file work_11.cif (mmCIF, C-alpha atoms)
data_structure
#
loop_
_atom_site.label_atom_id
_atom_site.label_comp_id
_atom_site.auth_asym_id
_atom_site.auth_seq_id
_atom_site.Cartn_x
_atom_site.Cartn_y
_atom_site.Cartn_z
CA MET X 1 134.17 123.55 96.53
CA ALA X 2 130.91 124.56 98.14
CA PHE X 3 128.04 122.13 98.34
CA ARG X 4 124.77 122.11 100.19
CA VAL X 5 122.64 119.16 101.35
CA ARG X 6 118.89 119.78 101.31
CA GLU X 7 115.58 117.97 101.05
CA ALA X 8 114.61 117.17 97.47
CA ARG X 9 111.77 119.20 95.89
CA PRO X 10 109.38 118.08 93.14
CA GLN X 11 111.32 120.11 90.57
CA ASP X 12 114.49 118.08 91.33
CA CYS X 13 112.98 114.86 89.99
CA GLY X 14 114.40 115.30 86.49
CA ASP X 15 117.90 115.71 87.94
CA ILE X 16 117.43 112.76 90.28
CA VAL X 17 116.40 110.50 87.38
CA ARG X 18 119.54 111.63 85.51
CA LEU X 19 121.66 110.61 88.53
CA ILE X 20 119.73 107.32 88.99
CA LYS X 21 120.73 106.45 85.41
CA GLU X 22 124.37 107.43 86.01
CA LEU X 23 124.48 105.06 89.01
CA ALA X 24 122.81 102.25 87.07
CA SER X 25 125.40 102.66 84.37
CA TYR X 26 128.15 102.08 86.99
CA GLU X 27 126.22 98.97 88.09
CA LYS X 28 126.07 97.82 84.42
CA SER X 29 122.28 97.85 84.59
CA THR X 30 121.05 100.87 82.60
CA ASP X 31 118.55 98.71 80.72
CA GLN X 32 116.84 97.87 84.01
CA VAL X 33 115.93 101.46 84.91
CA HIS X 34 112.27 102.12 84.21
CA MET X 35 112.01 105.21 86.39
CA THR X 36 110.64 108.46 84.93
CA GLU X 37 110.46 112.01 86.26
CA HIS X 38 106.65 111.73 86.36
CA VAL X 39 106.60 108.58 88.48
CA LEU X 40 109.31 109.82 90.84
CA LYS X 41 107.36 113.05 91.38
CA ARG X 42 104.08 111.23 91.97
CA ASP X 43 105.55 108.74 94.46
CA GLY X 44 107.65 111.16 96.52
CA PHE X 45 105.46 114.26 96.58
CA GLY X 46 101.86 113.01 96.43
CA ASP X 47 99.49 112.38 99.34
CA GLU X 48 101.07 109.00 100.04
CA LYS X 49 104.87 109.22 100.17
CA PHE X 50 106.66 106.06 99.07
CA TYR X 51 110.16 107.45 99.62
CA HIS X 52 112.11 110.44 100.93
CA CYS X 53 115.09 112.04 99.25
CA PHE X 54 117.93 114.45 99.99
CA VAL X 55 120.10 115.99 97.30
CA ALA X 56 123.36 117.94 97.23
CA ASP X 57 123.81 121.03 95.06
CA ALA X 58 127.24 122.25 94.02
CA GLU X 59 128.30 125.42 92.25
CA VAL X 60 129.39 124.60 88.72
CA PRO X 61 130.33 126.88 85.83
CA LEU X 62 127.48 127.71 83.44
CA GLU X 63 127.76 125.42 80.43
CA THR X 64 126.22 127.89 77.99
CA ASP X 65 128.63 130.87 78.08
CA ASP X 66 132.25 131.79 78.71
CA SER X 67 131.62 134.02 81.71
CA ASP X 68 132.79 133.20 85.19
CA ASP X 69 129.21 132.84 86.44
CA ASN X 70 128.35 129.70 88.34
CA HIS X 71 125.04 128.04 88.96
CA LEU X 72 123.85 125.35 91.34
CA LYS X 73 123.61 121.84 89.97
CA VAL X 74 122.25 118.71 91.67
CA ILE X 75 125.30 116.42 91.82
CA ALA X 76 124.27 113.82 94.41
CA TYR X 77 121.21 112.23 95.96
CA ALA X 78 120.29 109.82 98.72
CA LEU X 79 116.90 108.14 98.66
CA PHE X 80 115.43 106.22 101.57
CA PHE X 81 112.14 104.92 102.91
CA TYR X 82 110.87 103.85 106.28
CA ALA X 83 110.85 100.13 107.02
CA TYR X 84 109.43 98.27 110.00
CA SER X 85 110.61 95.49 112.26
CA THR X 86 108.12 93.55 114.37
CA TRP X 87 110.91 93.17 116.95
CA ASP X 88 112.23 96.73 117.08
CA GLY X 89 109.75 99.00 115.34
CA ARG X 90 110.73 101.84 113.03
CA MET X 91 113.72 101.42 110.73
CA MET X 92 115.06 103.09 107.62
CA TYR X 93 116.19 101.57 104.37
CA LEU X 94 118.78 103.42 102.30
CA GLU X 95 117.87 102.51 98.73
CA ASP X 96 120.50 104.57 96.91
CA ILE X 97 123.23 107.03 97.59
CA TYR X 98 125.14 108.46 94.67
CA VAL X 99 127.66 111.24 94.12
CA THR X 100 128.55 112.12 90.55
CA PRO X 101 132.22 111.05 89.94
CA GLU X 102 133.93 114.46 89.65
CA PHE X 103 132.56 115.50 93.06
CA ARG X 104 133.71 112.47 95.03
CA GLY X 105 136.20 112.57 97.90
CA LYS X 106 134.80 115.85 99.22
CA GLY X 107 132.60 114.47 101.99
CA ILE X 108 129.33 114.84 100.09
CA GLY X 109 128.29 111.19 100.55
CA THR X 110 129.09 111.38 104.25
CA ALA X 111 127.09 114.63 104.60
CA LEU X 112 124.09 112.97 102.91
CA ILE X 113 124.29 109.91 105.18
CA LYS X 114 124.63 112.13 108.24
CA ARG X 115 121.52 114.12 107.30
CA ILE X 116 119.50 110.92 106.77
CA LEU X 117 120.68 109.45 110.08
CA GLU X 118 119.68 112.66 111.87
CA VAL X 119 116.18 112.33 110.42
CA GLY X 120 116.07 108.66 111.45
CA LEU X 121 117.20 109.33 115.01
CA GLU X 122 114.53 112.05 115.33
CA LYS X 123 111.92 109.54 114.10
CA GLU X 124 113.05 106.96 116.66
CA CYS X 125 114.36 104.56 114.01
CA GLN X 126 116.27 101.67 115.55
CA ARG X 127 118.35 100.71 112.52
CA ILE X 128 119.18 101.59 108.96
CA HIS X 129 119.46 98.86 106.34
CA LEU X 130 120.85 98.77 102.83
CA ALA X 131 121.89 96.14 100.29
CA VAL X 132 125.12 95.82 98.31
CA LEU X 133 126.14 93.47 95.51
CA ASP X 134 128.94 91.12 96.55
CA TRP X 135 131.20 92.21 93.67
CA ASN X 136 130.91 95.87 94.74
CA THR X 137 133.61 95.53 97.40
CA SER X 138 134.42 99.25 97.50
CA ALA X 139 130.83 100.05 98.54
CA ALA X 140 130.81 97.24 101.13
CA GLU X 141 134.16 98.40 102.55
CA PHE X 142 132.92 102.00 102.73
CA TYR X 143 129.81 101.03 104.70
CA LYS X 144 131.69 98.63 106.96
CA SER X 145 134.16 101.42 107.78
CA LYS X 146 131.13 103.41 108.96
CA GLY X 147 130.04 100.63 111.31
CA PHE X 148 127.58 98.72 109.11
CA GLN X 149 127.43 94.96 109.65
CA ASP X 150 126.86 92.42 106.87
CA ILE X 151 123.92 90.41 108.28
CA THR X 152 123.90 88.09 105.25
CA GLU X 153 127.39 86.95 106.29
CA ARG X 154 126.87 87.23 110.05
CA ASP X 155 123.38 85.74 110.44
CA GLY X 156 122.62 84.12 107.08
CA TRP X 157 119.82 86.45 105.96
CA HIS X 158 118.87 85.91 102.31
CA ALA X 159 116.71 88.29 100.25
CA LEU X 160 113.86 86.77 98.23
CA GLN X 161 111.71 88.54 95.66
CA LEU X 162 108.59 87.86 93.63
CA ASN X 163 108.15 90.03 90.56
CA ARG X 164 104.88 91.55 89.38
CA GLU X 165 104.16 88.88 86.78
CA LYS X 166 104.46 86.16 89.43
CA MET X 167 102.41 88.25 91.89
CA GLU X 168 99.63 88.24 89.27
CA ASP X 169 100.00 84.47 88.73
CA PHE X 170 99.74 83.84 92.46
CA VAL X 171 96.53 85.84 92.80
CA LYS X 172 95.03 84.11 89.74
CA ASN X 173 95.93 80.60 90.90
CA HIS X 174 94.84 80.76 94.55
CA MET Z 1 87.38 75.22 110.10
CA ALA Z 2 86.22 78.70 109.21
CA PHE Z 3 88.68 81.57 109.08
CA ARG Z 4 88.47 85.10 107.79
CA VAL Z 5 91.25 87.37 106.52
CA ARG Z 6 90.73 91.06 107.24
CA GLU Z 7 92.65 94.30 107.73
CA ALA Z 8 94.04 94.67 111.24
CA ARG Z 9 92.40 97.20 113.56
CA PRO Z 10 94.00 99.12 116.45
CA GLN Z 11 92.34 96.80 118.96
CA ASP Z 12 94.14 93.80 117.38
CA CYS Z 13 97.58 95.07 118.41
CA GLY Z 14 97.66 93.10 121.66
CA ASP Z 15 96.92 89.88 119.77
CA ILE Z 16 99.48 90.72 117.09
CA VAL Z 17 102.20 91.28 119.71
CA ARG Z 18 101.29 87.88 121.21
CA LEU Z 19 101.77 86.27 117.78
CA ILE Z 20 104.99 88.24 117.10
CA LYS Z 21 106.39 86.68 120.28
CA GLU Z 22 105.21 83.19 119.27
CA LEU Z 23 107.07 83.57 115.96
CA ALA Z 24 110.22 84.90 117.67
CA SER Z 25 110.16 81.90 119.94
CA TYR Z 26 110.23 79.62 116.86
CA GLU Z 27 113.17 81.70 115.58
CA LYS Z 28 114.91 81.25 118.98
CA SER Z 29 114.96 85.01 119.44
CA THR Z 30 112.33 85.90 122.06
CA ASP Z 31 114.84 88.07 123.94
CA GLN Z 32 115.19 90.28 120.86
CA VAL Z 33 111.52 91.33 120.73
CA HIS Z 34 111.09 94.84 122.10
CA MET Z 35 107.69 95.46 120.51
CA THR Z 36 104.76 96.56 122.67
CA GLU Z 37 101.05 96.97 121.98
CA HIS Z 38 101.40 100.74 122.47
CA VAL Z 39 104.18 101.13 119.88
CA LEU Z 40 102.49 98.83 117.36
CA LYS Z 41 99.28 100.85 117.66
CA ARG Z 42 101.07 104.19 117.31
CA ASP Z 43 103.08 103.12 114.25
CA GLY Z 44 100.31 101.39 112.29
CA PHE Z 45 97.31 103.54 113.08
CA GLY Z 46 98.66 107.07 113.60
CA ASP Z 47 98.88 109.88 111.04
CA GLU Z 48 102.05 108.42 109.56
CA LYS Z 49 101.72 104.70 108.87
CA PHE Z 50 104.97 102.77 109.14
CA TYR Z 51 103.42 99.40 108.28
CA HIS Z 52 100.19 97.69 107.18
CA CYS Z 53 98.82 94.48 108.59
CA PHE Z 54 96.25 91.79 107.83
CA VAL Z 55 95.08 89.23 110.35
CA ALA Z 56 93.09 85.99 110.21
CA ASP Z 57 90.37 85.21 112.74
CA ALA Z 58 89.23 81.65 113.43
CA GLU Z 59 86.37 80.31 115.51
CA VAL Z 60 87.73 78.66 118.63
CA PRO Z 61 85.94 77.25 121.68
CA LEU Z 62 85.61 79.68 124.58
CA GLU Z 63 88.34 78.93 127.08
CA THR Z 64 86.36 80.02 130.11
CA ASP Z 65 83.36 77.63 130.12
CA ASP Z 66 82.25 74.16 129.09
CA SER Z 67 79.55 75.25 126.65
CA ASP Z 68 79.77 74.69 122.90
CA ASP Z 69 79.99 78.43 122.23
CA ASN Z 70 82.79 79.61 119.98
CA HIS Z 71 84.40 82.99 119.67
CA LEU Z 72 86.70 84.56 117.10
CA LYS Z 73 90.40 84.60 117.89
CA VAL Z 74 93.25 86.19 115.94
CA ILE Z 75 95.40 83.22 114.94
CA ALA Z 76 97.58 84.63 112.15
CA TYR Z 77 98.99 87.91 110.86
CA ALA Z 78 100.95 89.26 107.93
CA LEU Z 79 102.71 92.59 108.27
CA PHE Z 80 104.18 94.52 105.35
CA PHE Z 81 105.34 97.98 104.36
CA TYR Z 82 105.90 99.76 101.10
CA ALA Z 83 109.43 99.91 99.79
CA TYR Z 84 110.82 101.78 96.81
CA SER Z 85 113.19 100.98 93.97
CA THR Z 86 114.84 103.78 92.00
CA TRP Z 87 114.73 101.45 88.99
CA ASP Z 88 111.16 100.18 89.21
CA GLY Z 89 109.25 102.35 91.67
CA ARG Z 90 106.81 100.99 94.23
CA MET Z 91 107.49 97.68 95.91
CA MET Z 92 106.29 95.85 99.00
CA TYR Z 93 108.27 94.22 101.75
CA LEU Z 94 106.72 91.34 103.66
CA GLU Z 95 108.22 91.65 107.13
CA ASP Z 96 106.41 88.76 108.82
CA ILE Z 97 103.80 86.17 108.13
CA TYR Z 98 102.81 83.81 110.89
CA VAL Z 99 100.09 81.23 111.48
CA THR Z 100 99.75 79.76 114.96
CA PRO Z 101 100.82 76.07 114.80
CA GLU Z 102 97.45 74.33 115.36
CA PHE Z 103 95.92 76.24 112.42
CA ARG Z 104 98.57 75.41 109.83
CA GLY Z 105 97.93 73.44 106.65
CA LYS Z 106 94.51 75.03 106.14
CA GLY Z 107 95.50 77.64 103.56
CA ILE Z 108 95.54 80.57 105.99
CA GLY Z 109 99.08 81.66 105.11
CA THR Z 110 98.28 81.46 101.41
CA ALA Z 111 95.08 83.49 101.92
CA LEU Z 112 97.05 86.19 103.76
CA ILE Z 113 99.71 86.35 101.02
CA LYS Z 114 97.01 86.51 98.34
CA ARG Z 115 95.30 89.45 100.07
CA ILE Z 116 98.60 91.33 100.39
CA LEU Z 117 99.49 90.72 96.75
CA GLU Z 118 96.06 91.98 95.69
CA VAL Z 119 96.72 95.21 97.59
CA GLY Z 120 100.16 95.48 96.02
CA LEU Z 121 98.90 94.93 92.48
CA GLU Z 122 96.26 97.63 93.02
CA LYS Z 123 98.99 100.01 94.24
CA GLU Z 124 101.10 99.29 91.12
CA CYS Z 125 103.86 97.58 93.13
CA GLN Z 126 106.41 95.94 90.87
CA ARG Z 127 107.79 93.39 93.32
CA ILE Z 128 107.47 91.99 96.79
CA HIS Z 129 110.57 91.30 98.86
CA LEU Z 130 111.18 89.36 102.05
CA ALA Z 131 114.15 87.91 103.93
CA VAL Z 132 114.71 84.40 105.30
CA LEU Z 133 117.43 82.96 107.49
CA ASP Z 134 119.51 80.35 105.64
CA TRP Z 135 118.83 77.64 108.27
CA ASN Z 136 115.06 78.11 107.87
CA THR Z 137 114.90 75.89 104.79
CA SER Z 138 111.18 75.09 105.16
CA ALA Z 139 110.32 78.81 104.85
CA ALA Z 140 112.67 79.24 101.89
CA GLU Z 141 111.22 76.16 100.14
CA PHE Z 142 107.67 77.42 100.74
CA TYR Z 143 108.40 80.82 99.18
CA LYS Z 144 110.36 79.32 96.28
CA SER Z 145 107.41 77.01 95.54
CA LYS Z 146 105.32 80.20 95.20
CA GLY Z 147 107.73 81.67 92.63
CA PHE Z 148 110.04 83.73 94.86
CA GLN Z 149 113.67 83.95 93.74
CA ASP Z 150 116.64 84.07 96.13
CA ILE Z 151 118.47 87.19 94.90
CA THR Z 152 121.26 86.74 97.47
CA GLU Z 153 122.11 83.45 95.74
CA ARG Z 154 121.25 84.57 92.21
CA ASP Z 155 122.75 88.07 92.14
CA GLY Z 156 124.91 88.29 95.27
CA TRP Z 157 122.86 90.87 97.20
CA HIS Z 158 124.00 91.21 100.81
CA ALA Z 159 122.04 93.01 103.53
CA LEU Z 160 123.93 95.49 105.72
CA GLN Z 161 122.66 97.20 108.83
CA LEU Z 162 123.73 99.96 111.21
CA ASN Z 163 122.12 99.90 114.63
CA ARG Z 164 120.89 102.94 116.53
CA GLU Z 165 123.94 103.23 118.75
CA LYS Z 166 126.19 103.36 115.67
CA MET Z 167 123.80 105.79 113.95
CA GLU Z 168 124.30 108.10 116.93
CA ASP Z 169 128.09 107.64 116.79
CA PHE Z 170 128.12 108.50 113.08
CA VAL Z 171 126.19 111.73 113.62
CA LYS Z 172 128.43 112.71 116.56
CA ASN Z 173 131.69 112.01 114.70
CA HIS Z 174 130.99 113.68 111.35
#

call {"tool": "encode", "arguments": {"input": "work_11.cif", "output": "structure tokens"}}
result
Amino acid sequence: MAFRVREARPQDCGDIVRLIKELASYEKSTDQVHMTEHVLKRDGFGDEKFYHCFVADAEVPLETDDSDDNHLKVIAYALFFYAYSTWDGRMMYLEDIYVTPEFRGKGIGTALIKRILEVGLEKECQRIHLAVLDWNTSAAEFYKSKGFQDITERDGWHALQLNREKMEDFVKNH
Amino acid sequence: MAFRVREARPQDCGDIVRLIKELASYEKSTDQVHMTEHVLKRDGFGDEKFYHCFVADAEVPLETDDSDDNHLKVIAYALFFYAYSTWDGRMMYLEDIYVTPEFRGKGIGTALIKRILEVGLEKECQRIHLAVLDWNTSAAEFYKSKGFQDITERDGWHALQLNREKMEDFVKNH
């Protein structure tokens, strides 16, 4: 099975949103996805880039006829952004990596991670971070097998968030 | 006591590194700070911006003479970067906020947070994230009093990281 990892293009955004929703469905959170093709295109391919994305294409049979013709389909993506540490400088944050189920076990996820790490090393990034849910042990085990360390367990780091409504309240009340 | 919150300028980077080291000393981690004025300047004020920063100036007596003259000194900073959620789009991440001890309790930290949230609301950010160490209960209580939720406790999110050495190993071995 041939696949190819490449930088995402604006015209991939529809496919990426489809895959974002597939992943959310695995995480039992489809109702929490508010992403649209328009927003994803604006934020990744405008003057100010809020994220970077690689995708993998695979050859799949055409769905519309009975011929043996294949076409390329986007079957995986990895989306990251640059983060910053006041101790160590440039870092990366891997927001999502997803391979559609029937293409798993073929090294596509690993190829995507490798490509992102190559970019990060070139950019002098000192670390890559990501977050996993504690019930998603298969993801945690996968990353740990690649050398990732759980710094919530090791050092006691907790993630805190303030949502937009509360951001507005804060600005109003201070 | 008069203070002023403003966007950081390249010539503030020396002062910001001084404050980064003060904060690390509180966190018992001075030996882990590898940041320099040169790197901070390059990463915040070059073509590609890896972070954004606000500082607070306060009037302090001149250290070099006995006159009553005051001068402005950078006594606090807040450094953030933009993050991205595939579910909700633009977010912010507050990497550090620090007020030098003798200027605490005067609303400087709150003024810095307010300014950052204003920027985030303008940019259509849906959330702001930060991380705290579990032993730093005073920081956690402060943020919770402002409406922040601990999503490590609430949802079980764990932070994982891969350092540069292991990033290099991954690329070599795959």

call {"tool": "residues_near_point", "arguments": {"input": "work_11.cif", "point": "(120.0, 100.3, 113.2)", "cutoff": "9 Å", "atoms": "all atoms listed in the file", "output": "list in words"}}
result
Met91, Met92, Cys125, Gln126, Arg127, Ile128, His129 and Phe148 of chain X; Gln161, Leu162, Asn163, Arg164, Glu165, Lys166 and Met167 of chain Z

call {"tool": "resolve_selection", "arguments": {"input": "work_11.cif", "expression": "the PyMOL selection byres ((chain Z) within 6 of (chain X))", "output": "number ranges by chain"}}
result
Z: 33-35, 87-88, 114, 126-134, 148-152, 156-164, 171

call {"tool": "resolve_selection", "arguments": {"input": "work_11.cif", "expression": "the PyMOL selection byres ((chain Z and resi 55) around 7)", "output": "JSON, numbers by chain"}}
result
{"Z": [5, 6, 7, 8, 53, 54, 56, 57, 74, 76, 77, 78]}

call {"tool": "atom_distance", "arguments": {"input": "work_11.cif", "atom1": "CA of Leu72 (chain Z)", "atom2": "CA of Phe142 (chain Z)"}}
result
27.5 Å

call {"tool": "atom_distance", "arguments": {"input": "work_11.cif", "atom1": "CA of Glu59 (chain X)", "atom2": "CA of Glu102 (chain X)"}}
result
12.6 Å

call {"tool": "atom_distance", "arguments": {"input": "work_11.cif", "atom1": "CA of Phe3 (chain Z)", "atom2": "CA of Ala58 (chain Z)"}}
result
4.4 Å
